[in-house]
Amino acid sequence: MKKPLLDCFFKPESVAVIGASRTEATVGRFLVDHLKEGGFSGAIYPINPKYPEILGLKAYPAIAAVGAPIDLAVIAIPIRDVPRAVTECGDAGITGAIIVSVGGQETGEAGKDVEAAIKEAAANAGVRYIGPNSMGVLSPYFHLRATLAHTGVPTGNLAFISQSGALSYSILSWAARKNIGFSHFISVGNMGDVDFGDLIDYLGNEEKARSIVIYMETLTRHRKFMSAARSVARVKPIIVIKTGRGQAGARAATSHTGAIAGEDAAYNAAFRRAGIIRVDTVGQLFDCAEALGKVKRPTGGNLAIITNAGGAGVMAVDALGRWEMEPAPLGQETLQKLDGFLPPHWSRSNPIDLLGTANPETYLKAVHLALETPEFHGLIIILTPQALTDPTGVAKIIVPEIKGRAKPVFAVWMGGDEVAPGIQILNDAGIPTFETPEQAVDTFMEMYFYSRHLKLLQETPSRMTRELNVDTSKARAFLEQCLGRGEKVLTELESKAILSAYGIPVNPTVAASSAPEAARVAKDLGFPVVLKINSPDITHKSEVRGVRFYLRNEREVTSAYHQIMEEARAKYSQAAILGVTVQTQESQADCDLILGSKRDPDFGPLILFGQGGVFAGVLEDWAVDLPPLNLLLAHRLIQKTRIYRVLQGYRSIPPANLDLLAEILVRISQLVTDFPEIQELDINPLMLTGGRLVAVDARLVVEPSTVAAPRHLIISPYPNQHESYWMLRDGTPIILRPVKPEDEPLVEKLLQNCSEETIYFRYFRLIKKWTHDMLIRFTQNDYDREIGLMAIGQPPGPEVMMGVGRMVMDADRDSAEFAVIVADPWQGKGLGPKLLERVIDIARENGVRLLYGEVLAQNQPMLEMVRRAGFSLKKDANAQIVRAEMDLWAGARG
């Protein structure tokens, strides 16, 4: 097996320092010093033609002169010379470089040109690099201090990635004081090559890194980042602080949706969809980092609070209230036990107020009881210095009780010098400490909501009760005609035509260019009607009094037509006015909703849902998500808004058909997935009337796209191009298609149809029970990196899953692992070879070079199948496993 590509940065066996120096207080001197001080056990090669030796190490005039293998180069020379140095690294077989040189893009155009030259040189030389403007890397488990930081870090389970060198120094100082260790500490600098996506992918497979903390200023290669984050956040938490919450993009928008959904909303939606914890301040980042570095995540949200001051307990309760949570109630048995050792006038509720007379033994008894009580999932211990309180004594006595417990325990020792020794004892014992109750509560809740949100993301969505039939060809014909006329802002009628092609309910709408025509159309539609100005240049019709409601006869329609035209021309004399649209007058709405989409330049389309009407931008009751949406995600989007409570039924308003509303959101998601030309889509309002949903106003903003669908999305949608039909040898018709999240019941039934031998041959062990957590690993795929291709029976037979072929790409996308399983009733009918054939095709389409898989030596049918498909076979050392490999590029080279 080949080593992970980024191992050279964190597990090198030899390091060269290009620009090493003897001179005190220079970057080149610091780097060599820190490598030696850190105890790096591999070879260190200083590179500088001026010196024969540096700090007792033989120095070399150039990389080529070393004459020995080098895994990693640390480059600390003027940035103008870095492209040449990178080329020399490639010539010497070095695959990784850390560039600490400054003066890149942060200095202006000249610096950007230098960075472009570095990137080109690295690509030509086959060198991956971190930086430039990087502070360096620390890999404590390998005693690697390839960094400018003057302090090392102890080993731990926290990986830290930062775009800010200054913040990195602060984190190191804080971590030393808090006794927090790291598995990896990475300063990415300007992120010219190795980026967040690369590092998340790598750290996801590093056992020592149990949590990942990121300080982010800018994000590049958004789709790669999302793919990596969605994969890794399922198995280890990722915490991000993202600076910059600008609304410049929103201010430039045309529609209501575009004006609401700004850049920060896009980041929030992306992080939430990936399962990332986003914090708002550096303080919260530190708090989460400490907690994740020291304790396990809570299994539930029931929090116990122990305090010796009622006011501090109230502060904790208020903090919980901001999360819409309450302290866990105390059971009768717990109350009785507390009554046994607390004063008669204690609070008899949670927070458990021990009162100001509490001594260390009282604290110990309360802590022991809280940790033994099964309904509590976490504990916050608050201490304020009072006359009879011993902060140091309490810390000493509770540490042995807390250590080794599964429940997270947070300590809040409030005060100054008098509590400092106690805090130090707690920090040394690995117990997270906080200055205020609010910090402790917020950190606990961040950890709890991460676990809860992860469960929500891993729920199995329900299948749609009917096919999502859309008329893509009709929508494309309309859209291309509008683009061909040079239109950017489509009229309401044009917009509704495209929405209608995707099954989104719209009210009858007819264009009229004269008063008599408007009167005739109104009569045909049936009174009452609505008249609206019809102009691609007037977006907000109400601002020009361009709408008239409840017109009951032809005379009122004629009068309204003239009024609308006069007022519109008076206010917008240069606008192209096509006349009006005549529409059916819908009944009074129970509520108005807004649905829409905006194309973000980095994240692609965003889907918005919320309370609509003219005050949508003021009320700010909306939520945003990323396509593609399924029914479950659409329901979650609706539930994030305040209007959701009304939609459930409120006073005289009956409950809305939430399934239909979710389906409309899914249809909008499909529309913007299919058409990257859509820059903005606005339905405002979507009227809810007596359980009926209808779009009565709509606007699309379009422009030609240089990116083909679905590459404009940062989450890969369902790849329907891989669907195909086929017949087994006995004539049974099947469809071969990618697995969807809602297919979990089909996958479970497939595995139940497999014998113990089939399961053992596929998974190398017997599995008696398949849990939800196991099954979602098969069904919830990131199609950018893995595809499960399932075979399902078609009419006239039953819908049953018969087998599946799987392809999972490695982080470098250069290689991928395959596997095939066919349930026993359908073995020997040609399905296995067909699935393997399609997996090979999909791997080739994705640019995979090496396709490989592992097969048990006794699984002779599988070995014969892969041999016939053209795989080469290699046995491992103990001859139990055979590795099958196929070079998919061999034919292309030939």
# chains A, B, ... in the order shown; residues from 1 in each chain; ligands from 1
$ select_by_dssp --residues "region 132-265 of chain A" --states "helix (DSSP H, G or I)" --output "PyMOL selection string"
chain A and resi 140-142+165-178+196-204+222-232+248-251+256-260+263-265
$ write_last_selection --atoms "N, CA and C atoms" --output "compact mmCIF listing (two decimals), in the first residue's frame"
# COMPACT_ATOMS: atom_id res chain seq x y z
N PRO A 140 3.69 16.57 16.80
CA PRO A 140 4.28 16.17 18.07
C PRO A 140 4.59 14.69 18.21
N TYR A 141 3.74 13.83 17.65
CA TYR A 141 3.99 12.39 17.81
C TYR A 141 5.25 11.96 17.07
N PHE A 142 5.69 12.77 16.10
CA PHE A 142 6.92 12.46 15.36
C PHE A 142 8.03 13.45 15.69
N GLY A 165 -0.89 33.30 11.07
CA GLY A 165 0.30 32.96 11.84
C GLY A 165 0.26 33.56 13.23
N ALA A 166 -0.22 34.82 13.35
CA ALA A 166 -0.28 35.47 14.65
C ALA A 166 -1.20 34.72 15.60
N LEU A 167 -2.35 34.27 15.10
CA LEU A 167 -3.26 33.51 15.96
C LEU A 167 -2.64 32.18 16.36
N SER A 168 -1.85 31.60 15.47
CA SER A 168 -1.19 30.34 15.79
C SER A 168 -0.28 30.50 17.00
N TYR A 169 0.47 31.59 17.07
CA TYR A 169 1.32 31.84 18.24
C TYR A 169 0.48 31.94 19.50
N SER A 170 -0.67 32.64 19.40
CA SER A 170 -1.54 32.81 20.56
C SER A 170 -2.09 31.47 21.03
N ILE A 171 -2.49 30.63 20.08
CA ILE A 171 -3.03 29.31 20.42
C ILE A 171 -1.98 28.48 21.15
N LEU A 172 -0.74 28.54 20.68
CA LEU A 172 0.31 27.75 21.32
C LEU A 172 0.54 28.21 22.76
N SER A 173 0.53 29.51 23.00
CA SER A 173 0.72 30.02 24.35
C SER A 173 -0.44 29.61 25.24
N TRP A 174 -1.66 29.74 24.71
CA TRP A 174 -2.85 29.36 25.47
C TRP A 174 -2.86 27.87 25.78
N ALA A 175 -2.49 27.06 24.81
CA ALA A 175 -2.50 25.60 24.99
C ALA A 175 -1.50 25.18 26.07
N ALA A 176 -0.35 25.84 26.10
CA ALA A 176 0.65 25.51 27.12
C ALA A 176 0.10 25.78 28.51
N ARG A 177 -0.62 26.90 28.66
CA ARG A 177 -1.18 27.25 29.96
C ARG A 177 -2.30 26.29 30.36
N LYS A 178 -3.05 25.80 29.37
CA LYS A 178 -4.20 24.94 29.64
C LYS A 178 -3.84 23.45 29.63
N PHE A 196 -7.50 23.47 2.80
CA PHE A 196 -8.30 22.87 3.87
C PHE A 196 -8.84 21.51 3.47
N GLY A 197 -9.29 21.38 2.23
CA GLY A 197 -9.82 20.10 1.79
C GLY A 197 -8.79 18.99 1.86
N ASP A 198 -7.56 19.26 1.39
CA ASP A 198 -6.49 18.27 1.46
C ASP A 198 -6.22 17.85 2.90
N LEU A 199 -6.14 18.84 3.79
CA LEU A 199 -5.76 18.56 5.17
C LEU A 199 -6.88 17.84 5.92
N ILE A 200 -8.14 18.22 5.67
CA ILE A 200 -9.26 17.51 6.31
C ILE A 200 -9.29 16.06 5.85
N ASP A 201 -9.09 15.84 4.55
CA ASP A 201 -9.04 14.47 4.04
C ASP A 201 -7.95 13.67 4.73
N TYR A 202 -6.77 14.28 4.86
CA TYR A 202 -5.64 13.58 5.49
C TYR A 202 -5.91 13.31 6.97
N LEU A 203 -6.33 14.33 7.69
CA LEU A 203 -6.54 14.19 9.13
C LEU A 203 -7.70 13.24 9.44
N GLY A 204 -8.64 13.13 8.51
CA GLY A 204 -9.74 12.20 8.71
C GLY A 204 -9.27 10.77 8.85
N HIS A 222 -13.97 25.21 -3.15
CA HIS A 222 -15.09 24.98 -2.23
C HIS A 222 -15.67 23.57 -2.34
N ARG A 223 -15.77 23.06 -3.57
CA ARG A 223 -16.37 21.74 -3.75
C ARG A 223 -15.50 20.66 -3.10
N LYS A 224 -14.18 20.80 -3.24
CA LYS A 224 -13.28 19.83 -2.61
C LYS A 224 -13.38 19.91 -1.09
N PHE A 225 -13.46 21.12 -0.59
CA PHE A 225 -13.61 21.31 0.86
C PHE A 225 -14.87 20.63 1.36
N MET A 226 -16.00 20.86 0.68
CA MET A 226 -17.26 20.27 1.13
C MET A 226 -17.22 18.75 1.07
N SER A 227 -16.63 18.21 0.04
CA SER A 227 -16.54 16.77 -0.08
C SER A 227 -15.75 16.17 1.08
N ALA A 228 -14.62 16.79 1.39
CA ALA A 228 -13.79 16.30 2.49
C ALA A 228 -14.49 16.47 3.83
N ALA A 229 -15.07 17.65 4.06
CA ALA A 229 -15.71 17.93 5.34
C ALA A 229 -16.91 17.02 5.57
N ARG A 230 -17.73 16.80 4.55
CA ARG A 230 -18.90 15.93 4.70
C ARG A 230 -18.50 14.51 5.04
N SER A 231 -17.37 14.08 4.51
CA SER A 231 -16.89 12.73 4.78
C SER A 231 -16.33 12.61 6.20
N VAL A 232 -15.49 13.57 6.59
CA VAL A 232 -14.76 13.46 7.86
C VAL A 232 -15.62 13.84 9.05
N ALA A 248 -21.87 42.43 0.92
CA ALA A 248 -21.73 43.16 -0.34
C ALA A 248 -22.46 42.44 -1.47
N GLY A 249 -22.32 41.10 -1.51
CA GLY A 249 -22.99 40.35 -2.57
C GLY A 249 -24.50 40.47 -2.49
N ALA A 250 -25.03 40.48 -1.27
CA ALA A 250 -26.48 40.60 -1.12
C ALA A 250 -26.97 41.97 -1.57
N ARG A 251 -26.21 43.02 -1.28
CA ARG A 251 -26.64 44.37 -1.65
C ARG A 251 -26.75 44.54 -3.16
N HIS A 256 -35.77 39.63 -4.13
CA HIS A 256 -35.86 39.51 -2.67
C HIS A 256 -34.88 38.46 -2.16
N THR A 257 -34.90 37.29 -2.81
CA THR A 257 -34.05 36.19 -2.38
C THR A 257 -32.58 36.58 -2.44
N GLY A 258 -32.18 37.20 -3.54
CA GLY A 258 -30.79 37.59 -3.69
C GLY A 258 -30.36 38.60 -2.65
N ALA A 259 -31.27 39.51 -2.28
CA ALA A 259 -30.94 40.52 -1.29
C ALA A 259 -30.83 39.93 0.11
N ILE A 260 -31.55 38.84 0.37
CA ILE A 260 -31.55 38.23 1.70
C ILE A 260 -30.34 37.31 1.88
N GLU A 263 -23.28 36.34 1.61
CA GLU A 263 -22.14 35.43 1.67
C GLU A 263 -22.11 34.64 2.97
N ASP A 264 -22.41 35.31 4.09
CA ASP A 264 -22.34 34.61 5.36
C ASP A 264 -23.41 33.53 5.46
N ALA A 265 -24.58 33.78 4.87
CA ALA A 265 -25.62 32.75 4.85
C ALA A 265 -25.15 31.52 4.08
$ residues_around --residues "region 102-118 of chain A" --least-positions-apart "2" --cutoff "10 Å" --atoms "only C-alpha atoms" --output "ChimeraX atom specification"
/A:76-87,99-100,120-124,129,131-135,189-190,192-193
$ atom_distance --atom1 "CA of Val800 (chain A)" --atom2 "CA of Leu631 (chain A)"
22.4 Å
$ residues_around --residues "Ile759 (chain A)" --least-positions-apart "6" --cutoff "10 Å" --atoms "only C-alpha atoms" --output "PyMOL selection string"
chain A and resi 751-753+765-768+821-823
$ closest_atom_pairs --of "region 698-787 of chain A" --to "region 662-670 of chain A" --cutoff "12 Å" --atoms "only C-alpha atoms" --output "Markdown table"
| residue | atom | partner | partner_atom | distance |
| --- | --- | --- | --- | --- |
| A:Leu700 | CA | A:Ile668 | CA | 11.8 |
| A:Ala709 | CA | A:Gln670 | CA | 11.0 |
| A:Pro710 | CA | A:Gln670 | CA | 10.5 |
| A:Leu713 | CA | A:Ser669 | CA | 10.8 |
| A:Pro717 | CA | A:Gln670 | CA | 9.2 |
| A:Tyr718 | CA | A:Gln670 | CA | 10.3 |
$ closest_residue --among "A:Leu789, A:Leu851, A:Ala429, A:Leu632" --to "Asp659 (chain A)" --atoms "only C-alpha atoms"
A:Leu632
$ closest_residue --among "A:Gly67, A:Pro825, A:Gly805, A:Pro627" --to "Gly853 (chain A)" --atoms "only C-alpha atoms"
A:Gly805
$ select_by_dssp --residues "region 375-468 of chain A" --states "strand (DSSP E or B)" --output "PyMOL selection string"
chain A and resi 378-383+409-413+433-434
$ write_last_selection --atoms "all heavy atoms" --output "short mmCIF file (atom, residue, chain, number, x, y, z; two decimals), in the first residue's frame"
data_model
loop_
_atom_site.label_atom_id
_atom_site.label_comp_id
_atom_site.auth_asym_id
_atom_site.auth_seq_id
_atom_site.Cartn_x
_atom_site.Cartn_y
_atom_site.Cartn_z
N GLY A 378 -23.99 15.39 31.24
CA GLY A 378 -22.82 16.24 31.43
C GLY A 378 -22.97 17.02 32.71
O GLY A 378 -24.06 17.12 33.29
N LEU A 379 -21.86 17.60 33.17
CA LEU A 379 -21.84 18.28 34.47
C LEU A 379 -21.00 19.54 34.38
O LEU A 379 -19.88 19.52 33.86
CB LEU A 379 -21.28 17.35 35.55
CG LEU A 379 -21.01 17.94 36.93
CD1 LEU A 379 -22.32 18.42 37.57
CD2 LEU A 379 -20.33 16.91 37.83
N ILE A 380 -21.55 20.65 34.90
CA ILE A 380 -20.79 21.88 35.08
C ILE A 380 -20.68 22.15 36.58
O ILE A 380 -21.71 22.18 37.28
CB ILE A 380 -21.46 23.07 34.37
CG1 ILE A 380 -21.40 22.89 32.86
CG2 ILE A 380 -20.80 24.39 34.77
CD1 ILE A 380 -22.11 23.98 32.07
N ILE A 381 -19.46 22.31 37.06
CA ILE A 381 -19.20 22.59 38.48
C ILE A 381 -18.76 24.03 38.59
O ILE A 381 -17.76 24.43 38.00
CB ILE A 381 -18.11 21.66 39.03
CG1 ILE A 381 -18.43 20.19 38.73
CG2 ILE A 381 -17.95 21.86 40.54
CD1 ILE A 381 -17.27 19.24 39.00
N ILE A 382 -19.53 24.82 39.34
CA ILE A 382 -19.23 26.24 39.51
C ILE A 382 -18.80 26.48 40.95
O ILE A 382 -19.43 25.99 41.90
CB ILE A 382 -20.47 27.11 39.19
CG1 ILE A 382 -20.98 26.83 37.77
CG2 ILE A 382 -20.15 28.59 39.36
CD1 ILE A 382 -22.30 27.50 37.44
N LEU A 383 -17.72 27.25 41.09
CA LEU A 383 -17.23 27.62 42.43
C LEU A 383 -16.93 29.11 42.45
O LEU A 383 -16.25 29.63 41.55
CB LEU A 383 -15.99 26.82 42.80
CG LEU A 383 -15.38 27.09 44.18
CD1 LEU A 383 -14.80 25.81 44.78
CD2 LEU A 383 -14.29 28.16 44.13
N VAL A 409 -17.15 16.81 31.97
CA VAL A 409 -17.26 17.65 33.16
C VAL A 409 -16.49 18.94 32.89
O VAL A 409 -15.32 18.91 32.50
CB VAL A 409 -16.69 16.95 34.41
CG1 VAL A 409 -16.78 17.89 35.63
CG2 VAL A 409 -17.43 15.65 34.67
N PHE A 410 -17.16 20.08 33.10
CA PHE A 410 -16.55 21.39 32.91
C PHE A 410 -16.50 22.10 34.26
O PHE A 410 -17.46 22.04 35.03
CB PHE A 410 -17.36 22.24 31.92
CG PHE A 410 -17.46 21.66 30.53
CD1 PHE A 410 -18.45 22.08 29.67
CD2 PHE A 410 -16.57 20.69 30.09
CE1 PHE A 410 -18.56 21.56 28.39
CE2 PHE A 410 -16.66 20.16 28.81
CZ PHE A 410 -17.65 20.60 27.96
N ALA A 411 -15.41 22.79 34.52
CA ALA A 411 -15.22 23.49 35.79
C ALA A 411 -15.20 25.00 35.56
O ALA A 411 -14.54 25.48 34.63
CB ALA A 411 -13.93 23.04 36.46
N VAL A 412 -15.90 25.73 36.42
CA VAL A 412 -15.93 27.19 36.37
C VAL A 412 -15.49 27.70 37.74
O VAL A 412 -16.30 27.73 38.68
CB VAL A 412 -17.32 27.74 36.01
CG1 VAL A 412 -17.28 29.27 35.91
CG2 VAL A 412 -17.83 27.13 34.72
N TRP A 413 -14.22 28.02 37.88
CA TRP A 413 -13.70 28.59 39.13
C TRP A 413 -13.65 30.10 38.93
O TRP A 413 -12.78 30.63 38.25
CB TRP A 413 -12.32 28.03 39.42
CG TRP A 413 -12.24 26.90 40.42
CD1 TRP A 413 -11.36 26.79 41.45
CD2 TRP A 413 -13.04 25.72 40.49
NE1 TRP A 413 -11.56 25.63 42.17
CE2 TRP A 413 -12.61 24.94 41.59
CE3 TRP A 413 -14.11 25.23 39.75
CZ2 TRP A 413 -13.17 23.73 41.96
CZ3 TRP A 413 -14.68 24.02 40.11
CH2 TRP A 413 -14.22 23.30 41.19
N THR A 433 -11.50 24.07 31.95
CA THR A 433 -11.85 25.14 32.88
C THR A 433 -12.29 26.38 32.12
O THR A 433 -11.77 26.66 31.03
CB THR A 433 -10.65 25.50 33.78
OG1 THR A 433 -9.55 25.93 32.96
CG2 THR A 433 -10.21 24.31 34.62
N PHE A 434 -13.23 27.11 32.71
CA PHE A 434 -13.79 28.29 32.07
C PHE A 434 -13.91 29.41 33.10
O PHE A 434 -14.03 29.15 34.30
CB PHE A 434 -15.17 27.98 31.47
CG PHE A 434 -15.14 26.86 30.48
CD1 PHE A 434 -15.30 25.53 30.90
CD2 PHE A 434 -14.95 27.11 29.14
CE1 PHE A 434 -15.26 24.49 29.99
CE2 PHE A 434 -14.91 26.06 28.22
CZ PHE A 434 -15.07 24.75 28.64
#
$ residues_around --residues "Asp814 (chain A)" --least-positions-apart "6" --cutoff "7 Å" --atoms "only C-alpha atoms" --output "list in words"
Val848, Arg849 and Leu850 of chain A
$ write_last_selection --atoms "all heavy atoms" --output "PDB file, in the first residue's frame"
ATOM      1  N   VAL A 848      -9.804   7.983 -12.530  1.00  0.00           N
ATOM      2  CA  VAL A 848      -9.036   7.092 -11.655  1.00  0.00           C
ATOM      3  C   VAL A 848      -7.997   6.344 -12.481  1.00  0.00           C
ATOM      4  O   VAL A 848      -8.298   5.827 -13.560  1.00  0.00           O
ATOM      5  CB  VAL A 848      -9.972   6.106 -10.929  1.00  0.00           C
ATOM      6  CG1 VAL A 848      -9.174   5.047 -10.180  1.00  0.00           C
ATOM      7  CG2 VAL A 848     -10.896   6.854  -9.978  1.00  0.00           C
ATOM      8  N   ARG A 849      -6.782   6.295 -11.974  1.00  0.00           N
ATOM      9  CA  ARG A 849      -5.723   5.567 -12.669  1.00  0.00           C
ATOM     10  C   ARG A 849      -5.658   4.119 -12.214  1.00  0.00           C
ATOM     11  O   ARG A 849      -5.626   3.195 -13.020  1.00  0.00           O
ATOM     12  CB  ARG A 849      -4.364   6.236 -12.433  1.00  0.00           C
ATOM     13  CG  ARG A 849      -3.204   5.523 -13.160  1.00  0.00           C
ATOM     14  CD  ARG A 849      -1.856   6.080 -12.748  1.00  0.00           C
ATOM     15  NE  ARG A 849      -1.601   5.916 -11.325  1.00  0.00           N
ATOM     16  CZ  ARG A 849      -1.150   4.778 -10.782  1.00  0.00           C
ATOM     17  NH1 ARG A 849      -0.926   3.705 -11.534  1.00  0.00           N
ATOM     18  NH2 ARG A 849      -0.943   4.694  -9.490  1.00  0.00           N
ATOM     19  N   LEU A 850      -5.626   3.905 -10.863  1.00  0.00           N
ATOM     20  CA  LEU A 850      -5.473   2.554 -10.319  1.00  0.00           C
ATOM     21  C   LEU A 850      -6.747   2.149  -9.592  1.00  0.00           C
ATOM     22  O   LEU A 850      -7.161   2.793  -8.635  1.00  0.00           O
ATOM     23  CB  LEU A 850      -4.296   2.499  -9.352  1.00  0.00           C
ATOM     24  CG  LEU A 850      -4.057   1.133  -8.680  1.00  0.00           C
ATOM     25  CD1 LEU A 850      -3.602   0.102  -9.716  1.00  0.00           C
ATOM     26  CD2 LEU A 850      -3.048   1.243  -7.552  1.00  0.00           C
TER      27      LEU A 850
END
$ residues_around --residues "region 158-163 of chain A" --least-positions-apart "4" --cutoff "7 Å" --atoms "only C-alpha atoms" --output "NGL selection string"
:A and (168 or 181-189 or 209-217 or 293)
